[in-house]
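J.: Here it is, the structure in full.
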Amino acid sequence: QEEVERYALRIFRCYRSAEGLDYLLESFGKEKREQILADETRIILQYPEFSYRDAKFLIDLGFIDDAEVFVFRTAATLNGWHRDPLGTIFEAMEAAGKPLAATVIARALLRSVLTEGNPERYDAGLSDLEKLEALAPSVKDWQGFPSHADYLQEIRKLHEGRPEFWMRYDNGE
């Protein structure tokens, strides 16, 4: 039984999900649910890099505060190139009233558009910037992250080589 549990846990950790948790509990027993969730949350929060699957796992199980902490701890590793899964995490944070976490994610999405510099993706970047502007008044404590005004100044300077993007932004397109 111990070997089966170790194997089941190893498989679960490769792809954490609410459904996977149900299967895991078939091996461990439903009474161990809270302990397993506490252990897995602790493990996830120690990771140095962001994982979409693990963030979604936390959100799906209602651990939105832990997912928010995970976003903050791994903010430097957020990869905006994966727009769809990261967009899902953004929407969950926004819906849960976590404007700073949603801001951190939208910044990663915008950064990917500006870094790529593909004018065909500028609409997505302008949408991201629009979301950032809408969220900014809701953020009461920036917790060490740059304020919206500071971030906008920083990102403009860093990506001043994207004049078409900034022209469209300045013209309200």
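Lettering and numbering for the structure tokens are positional, with chains as A, B, ... in the shown order, residues counted from 1 in each chain, and ligands counted from 1 in the shown order.
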Can you pull out every residue within 9 Å of Leu100 in chain A, counting only C-alpha atoms, but drop anything in the same chain fewer than 3 positions away, and send it as a PDB file with all heavy atoms, in the first residue's frame?
T.:
ATOM      1  N   GLU A  68      -2.868  33.746  -4.928  1.00  0.00           N
ATOM      2  CA  GLU A  68      -2.384  35.124  -4.994  1.00  0.00           C
ATOM      3  C   GLU A  68      -0.941  35.215  -4.497  1.00  0.00           C
ATOM      4  O   GLU A  68      -0.091  35.834  -5.141  1.00  0.00           O
ATOM      5  CB  GLU A  68      -3.283  36.030  -4.147  1.00  0.00           C
ATOM      6  CG  GLU A  68      -2.847  37.474  -4.105  1.00  0.00           C
ATOM      7  CD  GLU A  68      -3.698  38.308  -3.171  1.00  0.00           C
ATOM      8  OE1 GLU A  68      -4.054  37.814  -2.065  1.00  0.00           O
ATOM      9  OE2 GLU A  68      -3.994  39.456  -3.519  1.00  0.00           O
ATOM     10  N   PHE A  72       2.478  36.395  -6.566  1.00  0.00           N
ATOM     11  CA  PHE A  72       3.431  37.402  -6.090  1.00  0.00           C
ATOM     12  C   PHE A  72       4.844  36.834  -5.980  1.00  0.00           C
ATOM     13  O   PHE A  72       5.802  37.466  -6.413  1.00  0.00           O
ATOM     14  CB  PHE A  72       3.018  37.953  -4.729  1.00  0.00           C
ATOM     15  CG  PHE A  72       1.738  38.746  -4.722  1.00  0.00           C
ATOM     16  CD1 PHE A  72       1.016  38.891  -3.564  1.00  0.00           C
ATOM     17  CD2 PHE A  72       1.254  39.346  -5.875  1.00  0.00           C
ATOM     18  CE1 PHE A  72      -0.155  39.631  -3.542  1.00  0.00           C
ATOM     19  CE2 PHE A  72       0.078  40.081  -5.869  1.00  0.00           C
ATOM     20  CZ  PHE A  72      -0.629  40.225  -4.692  1.00  0.00           C
ATOM     21  N   MET A  93      -8.368  35.849 -10.666  1.00  0.00           N
ATOM     22  CA  MET A  93      -7.903  36.837  -9.687  1.00  0.00           C
ATOM     23  C   MET A  93      -8.788  38.081  -9.716  1.00  0.00           C
ATOM     24  O   MET A  93      -9.151  38.613  -8.670  1.00  0.00           O
ATOM     25  CB  MET A  93      -6.447  37.220  -9.956  1.00  0.00           C
ATOM     26  CG  MET A  93      -5.466  36.126  -9.653  1.00  0.00           C
ATOM     27  SD  MET A  93      -5.454  35.777  -7.884  1.00  0.00           S
ATOM     28  CE  MET A  93      -4.802  34.137  -7.900  1.00  0.00           C
ATOM     29  N   GLU A  94      -9.135  38.516 -10.898  1.00  0.00           N
ATOM     30  CA  GLU A  94      -9.989  39.691 -11.023  1.00  0.00           C
ATOM     31  C   GLU A  94     -11.361  39.417 -10.398  1.00  0.00           C
ATOM     32  O   GLU A  94     -11.877  40.235  -9.627  1.00  0.00           O
ATOM     33  CB  GLU A  94     -10.121  40.068 -12.496  1.00  0.00           C
ATOM     34  CG  GLU A  94     -10.884  41.356 -12.721  1.00  0.00           C
ATOM     35  CD  GLU A  94     -10.989  41.716 -14.184  1.00  0.00           C
ATOM     36  OE1 GLU A  94     -11.136  40.807 -15.032  1.00  0.00           O
ATOM     37  OE2 GLU A  94     -10.918  42.920 -14.475  1.00  0.00           O
ATOM     38  N   GLY A  97     -11.555  39.520  -6.630  1.00  0.00           N
ATOM     39  CA  GLY A  97     -11.228  40.784  -5.977  1.00  0.00           C
ATOM     40  C   GLY A  97      -9.781  40.879  -5.554  1.00  0.00           C
ATOM     41  O   GLY A  97      -9.459  41.445  -4.508  1.00  0.00           O
ATOM     42  N   THR A 103      -3.161  42.473 -11.734  1.00  0.00           N
ATOM     43  CA  THR A 103      -2.257  43.443 -12.342  1.00  0.00           C
ATOM     44  C   THR A 103      -0.920  42.810 -12.695  1.00  0.00           C
ATOM     45  O   THR A 103      -0.392  43.013 -13.798  1.00  0.00           O
ATOM     46  CB  THR A 103      -2.045  44.644 -11.384  1.00  0.00           C
ATOM     47  OG1 THR A 103      -3.290  45.332 -11.249  1.00  0.00           O
ATOM     48  CG2 THR A 103      -0.977  45.586 -11.883  1.00  0.00           C
ATOM     49  N   VAL A 104      -0.378  42.041 -11.781  1.00  0.00           N
ATOM     50  CA  VAL A 104       0.913  41.376 -12.021  1.00  0.00           C
ATOM     51  C   VAL A 104       0.811  40.478 -13.257  1.00  0.00           C
ATOM     52  O   VAL A 104       1.718  40.448 -14.095  1.00  0.00           O
ATOM     53  CB  VAL A 104       1.352  40.587 -10.771  1.00  0.00           C
ATOM     54  CG1 VAL A 104       2.520  39.664 -11.063  1.00  0.00           C
ATOM     55  CG2 VAL A 104       1.695  41.546  -9.630  1.00  0.00           C
ATOM     56  N   ILE A 105      -0.302  39.796 -13.389  1.00  0.00           N
ATOM     57  CA  ILE A 105      -0.499  38.909 -14.538  1.00  0.00           C
ATOM     58  C   ILE A 105      -0.676  39.710 -15.827  1.00  0.00           C
ATOM     59  O   ILE A 105      -0.066  39.392 -16.853  1.00  0.00           O
ATOM     60  CB  ILE A 105      -1.699  37.974 -14.293  1.00  0.00           C
ATOM     61  CG1 ILE A 105      -1.369  37.017 -13.142  1.00  0.00           C
ATOM     62  CG2 ILE A 105      -2.077  37.221 -15.556  1.00  0.00           C
ATOM     63  CD1 ILE A 105      -2.566  36.269 -12.591  1.00  0.00           C
ATOM     64  N   LEU A 135      -7.723  48.396 -13.363  1.00  0.00           N
ATOM     65  CA  LEU A 135      -7.413  47.783 -12.066  1.00  0.00           C
ATOM     66  C   LEU A 135      -6.703  48.736 -11.107  1.00  0.00           C
ATOM     67  O   LEU A 135      -6.862  48.627  -9.888  1.00  0.00           O
ATOM     68  CB  LEU A 135      -6.530  46.551 -12.268  1.00  0.00           C
ATOM     69  CG  LEU A 135      -7.183  45.324 -12.868  1.00  0.00           C
ATOM     70  CD1 LEU A 135      -6.127  44.329 -13.332  1.00  0.00           C
ATOM     71  CD2 LEU A 135      -8.122  44.677 -11.852  1.00  0.00           C
ATOM     72  N   ALA A 136      -5.906  49.644 -11.637  1.00  0.00           N
ATOM     73  CA  ALA A 136      -5.035  50.492 -10.813  1.00  0.00           C
ATOM     74  C   ALA A 136      -5.751  51.183  -9.651  1.00  0.00           C
ATOM     75  O   ALA A 136      -5.246  51.143  -8.521  1.00  0.00           O
ATOM     76  CB  ALA A 136      -4.303  51.505 -11.682  1.00  0.00           C
ATOM     77  N   SER A 138      -8.132  50.221  -7.906  1.00  0.00           N
ATOM     78  CA  SER A 138      -8.539  49.233  -6.904  1.00  0.00           C
ATOM     79  C   SER A 138      -7.385  48.742  -6.036  1.00  0.00           C
ATOM     80  O   SER A 138      -7.611  48.125  -5.004  1.00  0.00           O
ATOM     81  CB  SER A 138      -9.179  48.021  -7.581  1.00  0.00           C
ATOM     82  OG  SER A 138     -10.291  48.415  -8.338  1.00  0.00           O
ATOM     83  N   VAL A 139      -6.161  48.993  -6.473  1.00  0.00           N
ATOM     84  CA  VAL A 139      -4.996  48.526  -5.722  1.00  0.00           C
ATOM     85  C   VAL A 139      -4.688  49.547  -4.628  1.00  0.00           C
ATOM     86  O   VAL A 139      -4.333  50.682  -4.913  1.00  0.00           O
ATOM     87  CB  VAL A 139      -3.771  48.314  -6.641  1.00  0.00           C
ATOM     88  CG1 VAL A 139      -2.568  47.860  -5.823  1.00  0.00           C
ATOM     89  CG2 VAL A 139      -4.095  47.308  -7.731  1.00  0.00           C
ATOM     90  N   LYS A 140      -4.843  49.124  -3.394  1.00  0.00           N
ATOM     91  CA  LYS A 140      -4.614  50.024  -2.254  1.00  0.00           C
ATOM     92  C   LYS A 140      -3.175  49.940  -1.747  1.00  0.00           C
ATOM     93  O   LYS A 140      -2.662  50.890  -1.187  1.00  0.00           O
ATOM     94  CB  LYS A 140      -5.583  49.695  -1.111  1.00  0.00           C
ATOM     95  CG  LYS A 140      -7.044  49.736  -1.520  1.00  0.00           C
ATOM     96  CD  LYS A 140      -7.437  51.087  -2.061  1.00  0.00           C
ATOM     97  CE  LYS A 140      -8.898  51.105  -2.458  1.00  0.00           C
ATOM     98  NZ  LYS A 140      -9.174  51.944  -3.591  1.00  0.00           N
ATOM     99  N   ASP A 141      -2.548  48.789  -1.934  1.00  0.00           N
ATOM    100  CA  ASP A 141      -1.172  48.583  -1.469  1.00  0.00           C
ATOM    101  C   ASP A 141      -0.433  47.847  -2.581  1.00  0.00           C
ATOM    102  O   ASP A 141      -0.771  46.711  -2.915  1.00  0.00           O
ATOM    103  CB  ASP A 141      -1.179  47.756  -0.178  1.00  0.00           C
ATOM    104  CG  ASP A 141       0.209  47.455   0.357  1.00  0.00           C
ATOM    105  OD1 ASP A 141       1.214  47.905  -0.243  1.00  0.00           O
ATOM    106  OD2 ASP A 141       0.296  46.754   1.385  1.00  0.00           O
ATOM    107  N   TRP A 142       0.590  48.483  -3.129  1.00  0.00           N
ATOM    108  CA  TRP A 142       1.338  47.907  -4.247  1.00  0.00           C
ATOM    109  C   TRP A 142       2.349  46.865  -3.789  1.00  0.00           C
ATOM    110  O   TRP A 142       2.975  46.200  -4.612  1.00  0.00           O
ATOM    111  CB  TRP A 142       2.005  49.007  -5.075  1.00  0.00           C
ATOM    112  CG  TRP A 142       0.985  49.790  -5.830  1.00  0.00           C
ATOM    113  CD1 TRP A 142       0.388  50.958  -5.438  1.00  0.00           C
ATOM    114  CD2 TRP A 142       0.387  49.443  -7.073  1.00  0.00           C
ATOM    115  NE1 TRP A 142      -0.533  51.355  -6.375  1.00  0.00           N
ATOM    116  CE2 TRP A 142      -0.552  50.441  -7.401  1.00  0.00           C
ATOM    117  CE3 TRP A 142       0.554  48.384  -7.958  1.00  0.00           C
ATOM    118  CZ2 TRP A 142      -1.313  50.411  -8.559  1.00  0.00           C
ATOM    119  CZ3 TRP A 142      -0.200  48.360  -9.119  1.00  0.00           C
ATOM    120  CH2 TRP A 142      -1.126  49.354  -9.410  1.00  0.00           C
ATOM    121  N   GLN A 143       2.516  46.674  -2.506  1.00  0.00           N
ATOM    122  CA  GLN A 143       3.351  45.614  -1.911  1.00  0.00           C
ATOM    123  C   GLN A 143       4.718  45.476  -2.580  1.00  0.00           C
ATOM    124  O   GLN A 143       5.195  44.372  -2.850  1.00  0.00           O
ATOM    125  CB  GLN A 143       2.611  44.284  -1.946  1.00  0.00           C
ATOM    126  CG  GLN A 143       1.326  44.297  -1.142  1.00  0.00           C
ATOM    127  CD  GLN A 143       0.646  42.956  -1.104  1.00  0.00           C
ATOM    128  OE1 GLN A 143       1.300  41.920  -1.099  1.00  0.00           O
ATOM    129  NE2 GLN A 143      -0.676  42.968  -1.043  1.00  0.00           N
ATOM    130  N   PHE A 145       5.557  46.279  -5.596  1.00  0.00           N
ATOM    131  CA  PHE A 145       5.472  46.338  -7.056  1.00  0.00           C
ATOM    132  C   PHE A 145       5.329  47.813  -7.441  1.00  0.00           C
ATOM    133  O   PHE A 145       4.743  48.599  -6.692  1.00  0.00           O
ATOM    134  CB  PHE A 145       4.257  45.552  -7.578  1.00  0.00           C
ATOM    135  CG  PHE A 145       4.378  44.066  -7.389  1.00  0.00           C
ATOM    136  CD1 PHE A 145       3.739  43.431  -6.329  1.00  0.00           C
ATOM    137  CD2 PHE A 145       5.130  43.296  -8.262  1.00  0.00           C
ATOM    138  CE1 PHE A 145       3.845  42.065  -6.152  1.00  0.00           C
ATOM    139  CE2 PHE A 145       5.238  41.927  -8.095  1.00  0.00           C
ATOM    140  CZ  PHE A 145       4.600  41.311  -7.039  1.00  0.00           C
TER     141      PHE A 145
END
J.: Counting only C-alpha atoms, which of A:Arg73, A:Arg111, A:Lys56, A:His82 gets nearest to Arg156 in chain A?
T.: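 With only C-alpha atoms as the atom set, the closest residue is A:Arg111.
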J.: Under the rule that only C-alpha atoms are counted, which of A:Phe50, A:Tyr15, A:Trp81, A:Tyr169 is the nearest residue to Asp123 in chain A?
T.: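 With only C-alpha atoms as the atom set, the closest residue is A:Tyr169.
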J.: If we count only C-alpha atoms and set the cut-off at 9 Å, which residues sit around range 113-121 of chain A, ignoring sequence neighbours fewer than 5 positions away in its own chain? Please answer as an mmCIF file with N, CA, C and O atoms, in the first residue's frame.
T.:
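Saved to result.cif:
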data_model
loop_
_atom_site.group_PDB
_atom_site.id
_atom_site.type_symbol
_atom_site.label_atom_id
_atom_site.label_comp_id
_atom_site.auth_asym_id
_atom_site.auth_seq_id
_atom_site.Cartn_x
_atom_site.Cartn_y
_atom_site.Cartn_z
ATOM 1 N N GLY A 80 4.109 35.606 -20.204
ATOM 2 C CA GLY A 80 2.945 36.083 -20.925
ATOM 3 C C GLY A 80 2.763 35.495 -22.306
ATOM 4 O O GLY A 80 1.764 35.755 -22.966
ATOM 5 N N TRP A 81 3.722 34.696 -22.760
ATOM 6 C CA TRP A 81 3.578 34.057 -24.076
ATOM 7 C C TRP A 81 2.454 33.031 -24.058
ATOM 8 O O TRP A 81 1.892 32.708 -25.094
ATOM 9 N N ALA A 108 2.549 40.864 -17.200
ATOM 10 C CA ALA A 108 3.296 39.813 -17.903
ATOM 11 C C ALA A 108 2.767 39.639 -19.319
ATOM 12 O O ALA A 108 3.541 39.448 -20.267
ATOM 13 N N LEU A 126 -2.812 46.366 -26.138
ATOM 14 C CA LEU A 126 -3.632 47.528 -25.776
ATOM 15 C C LEU A 126 -4.759 47.118 -24.836
ATOM 16 O O LEU A 126 -5.089 47.845 -23.892
ATOM 17 N N ILE A 155 7.706 50.943 -18.558
ATOM 18 C CA ILE A 155 7.462 50.107 -19.740
ATOM 19 C C ILE A 155 7.550 50.948 -21.023
ATOM 20 O O ILE A 155 8.022 50.469 -22.055
ATOM 21 N N HIS A 159 10.321 50.032 -23.824
ATOM 22 C CA HIS A 159 9.825 49.637 -25.159
ATOM 23 C C HIS A 159 9.515 50.865 -26.017
ATOM 24 O O HIS A 159 8.544 50.858 -26.791
ATOM 25 N N GLY A 161 10.947 51.655 -28.537
ATOM 26 C CA GLY A 161 11.151 51.245 -29.924
ATOM 27 C C GLY A 161 9.901 50.667 -30.565
ATOM 28 O O GLY A 161 9.975 50.093 -31.654
ATOM 29 N N ARG A 162 8.765 50.810 -29.905
ATOM 30 C CA ARG A 162 7.478 50.344 -30.444
ATOM 31 C C ARG A 162 6.566 51.558 -30.675
ATOM 32 O O ARG A 162 5.501 51.684 -30.084
ATOM 33 N N GLU A 164 4.565 52.525 -32.978
ATOM 34 C CA GLU A 164 3.200 52.273 -33.454
ATOM 35 C C GLU A 164 2.283 51.909 -32.282
ATOM 36 O O GLU A 164 1.144 52.376 -32.201
ATOM 37 N N PHE A 165 2.794 51.086 -31.379
ATOM 38 C CA PHE A 165 1.996 50.706 -30.210
ATOM 39 C C PHE A 165 1.655 51.935 -29.372
ATOM 40 O O PHE A 165 0.495 52.154 -29.015
#
J.: What is the CA of Ala92 in chain A to CA of Tyr52 in chain A distance in Å?
T.: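 Straight-line distance from CA of Ala92 in chain A to CA of Tyr52 in chain A works out to 12.2 Å.
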J.: Counting only C-alpha atoms, what is within 7 Å of Leu24 in chain A, bar same-chain residues fewer than 3 positions away, as a ChimeraX atom specification?
T.: /A:8-9,12,20-21,27-28
J.: Could you save those same residues with C-alpha atoms as a PDB file, in the first residue's frame?
T.:
ATOM      1  CA  ALA A   8       0.004   7.782  -6.873  1.00  0.00           C
ATOM      2  CA  LEU A   9       1.443  10.900  -5.226  1.00  0.00           C
ATOM      3  CA  PHE A  12      -0.484  13.510  -8.992  1.00  0.00           C
ATOM      4  CA  GLY A  20      -6.468  14.102  -9.890  1.00  0.00           C
ATOM      5  CA  LEU A  21      -6.973  14.787  -6.200  1.00  0.00           C
ATOM      6  CA  SER A  27      -5.394   5.417  -2.693  1.00  0.00           C
ATOM      7  CA  PHE A  28      -4.868   7.476   0.448  1.00  0.00           C
TER       8      PHE A  28
END
J.: What's around Ala55 in chain A at 12 Å? Count only C-alpha atoms, leave out sequence neighbours fewer than 2 positions away in its own chain, and write the answer as a PyMOL selection string.
T.: chain A and resi 15-18+40-41+44-45+47+49-53+57-74+78+85-90+92-93+101+105
J.: Would you mind exporting the chosen residues as a PDB file, in the first residue's frame, restricted to C-alpha atoms?
T.:
ATOM      1  CA  TYR A  15      -0.259  17.274 -13.035  1.00  0.00           C
ATOM      2  CA  ARG A  16      -2.173  18.543 -10.039  1.00  0.00           C
ATOM      3  CA  SER A  17      -5.897  18.964 -10.600  1.00  0.00           C
ATOM      4  CA  ALA A  18      -9.125  18.672  -8.654  1.00  0.00           C
ATOM      5  CA  GLU A  40       0.595  20.236  -1.637  1.00  0.00           C
ATOM      6  CA  THR A  41      -0.135  23.915  -1.009  1.00  0.00           C
ATOM      7  CA  ILE A  44       3.547  24.723  -4.453  1.00  0.00           C
ATOM      8  CA  LEU A  45       4.250  27.896  -2.494  1.00  0.00           C
ATOM      9  CA  TYR A  47       8.394  26.638  -6.014  1.00  0.00           C
ATOM     10  CA  GLU A  49       8.835  29.426 -10.792  1.00  0.00           C
ATOM     11  CA  PHE A  50       5.236  30.032 -11.744  1.00  0.00           C
ATOM     12  CA  SER A  51       3.182  27.043 -12.877  1.00  0.00           C
ATOM     13  CA  TYR A  52      -0.175  27.597 -14.578  1.00  0.00           C
ATOM     14  CA  ARG A  53      -1.382  24.161 -13.558  1.00  0.00           C
ATOM     15  CA  PHE A  57      -5.221  23.823  -8.937  1.00  0.00           C
ATOM     16  CA  LEU A  58      -5.164  26.246  -6.006  1.00  0.00           C
ATOM     17  CA  ILE A  59      -7.913  28.355  -7.537  1.00  0.00           C
ATOM     18  CA  ASP A  60     -10.109  25.377  -8.419  1.00  0.00           C
ATOM     19  CA  LEU A  61      -9.938  24.175  -4.831  1.00  0.00           C
ATOM     20  CA  GLY A  62     -10.843  27.598  -3.464  1.00  0.00           C
ATOM     21  CA  PHE A  63      -7.368  28.536  -2.204  1.00  0.00           C
ATOM     22  CA  ILE A  64      -7.446  31.935  -3.907  1.00  0.00           C
ATOM     23  CA  ASP A  65      -5.322  33.608  -1.226  1.00  0.00           C
ATOM     24  CA  ASP A  66      -2.624  30.978  -1.691  1.00  0.00           C
ATOM     25  CA  ALA A  67      -2.836  31.382  -5.470  1.00  0.00           C
ATOM     26  CA  GLU A  68      -2.384  35.124  -4.994  1.00  0.00           C
ATOM     27  CA  VAL A  69       0.716  34.555  -2.851  1.00  0.00           C
ATOM     28  CA  PHE A  70       2.020  32.162  -5.511  1.00  0.00           C
ATOM     29  CA  VAL A  71       1.578  34.830  -8.215  1.00  0.00           C
ATOM     30  CA  PHE A  72       3.431  37.402  -6.090  1.00  0.00           C
ATOM     31  CA  ARG A  73       6.292  35.036  -5.190  1.00  0.00           C
ATOM     32  CA  THR A  74       6.835  33.961  -8.779  1.00  0.00           C
ATOM     33  CA  LEU A  78       5.389  34.746 -15.271  1.00  0.00           C
ATOM     34  CA  PRO A  85      -3.778  29.780 -19.482  1.00  0.00           C
ATOM     35  CA  LEU A  86      -2.437  32.967 -17.936  1.00  0.00           C
ATOM     36  CA  GLY A  87      -5.603  34.780 -18.995  1.00  0.00           C
ATOM     37  CA  THR A  88      -7.624  32.198 -17.086  1.00  0.00           C
ATOM     38  CA  ILE A  89      -5.618  32.905 -13.935  1.00  0.00           C
ATOM     39  CA  PHE A  90      -6.034  36.664 -14.539  1.00  0.00           C
ATOM     40  CA  ALA A  92      -9.954  34.249 -11.578  1.00  0.00           C
ATOM     41  CA  MET A  93      -7.903  36.837  -9.687  1.00  0.00           C
ATOM     42  CA  ALA A 101      -2.442  39.772  -8.511  1.00  0.00           C
ATOM     43  CA  ILE A 105      -0.499  38.909 -14.538  1.00  0.00           C
TER      44      ILE A 105
END
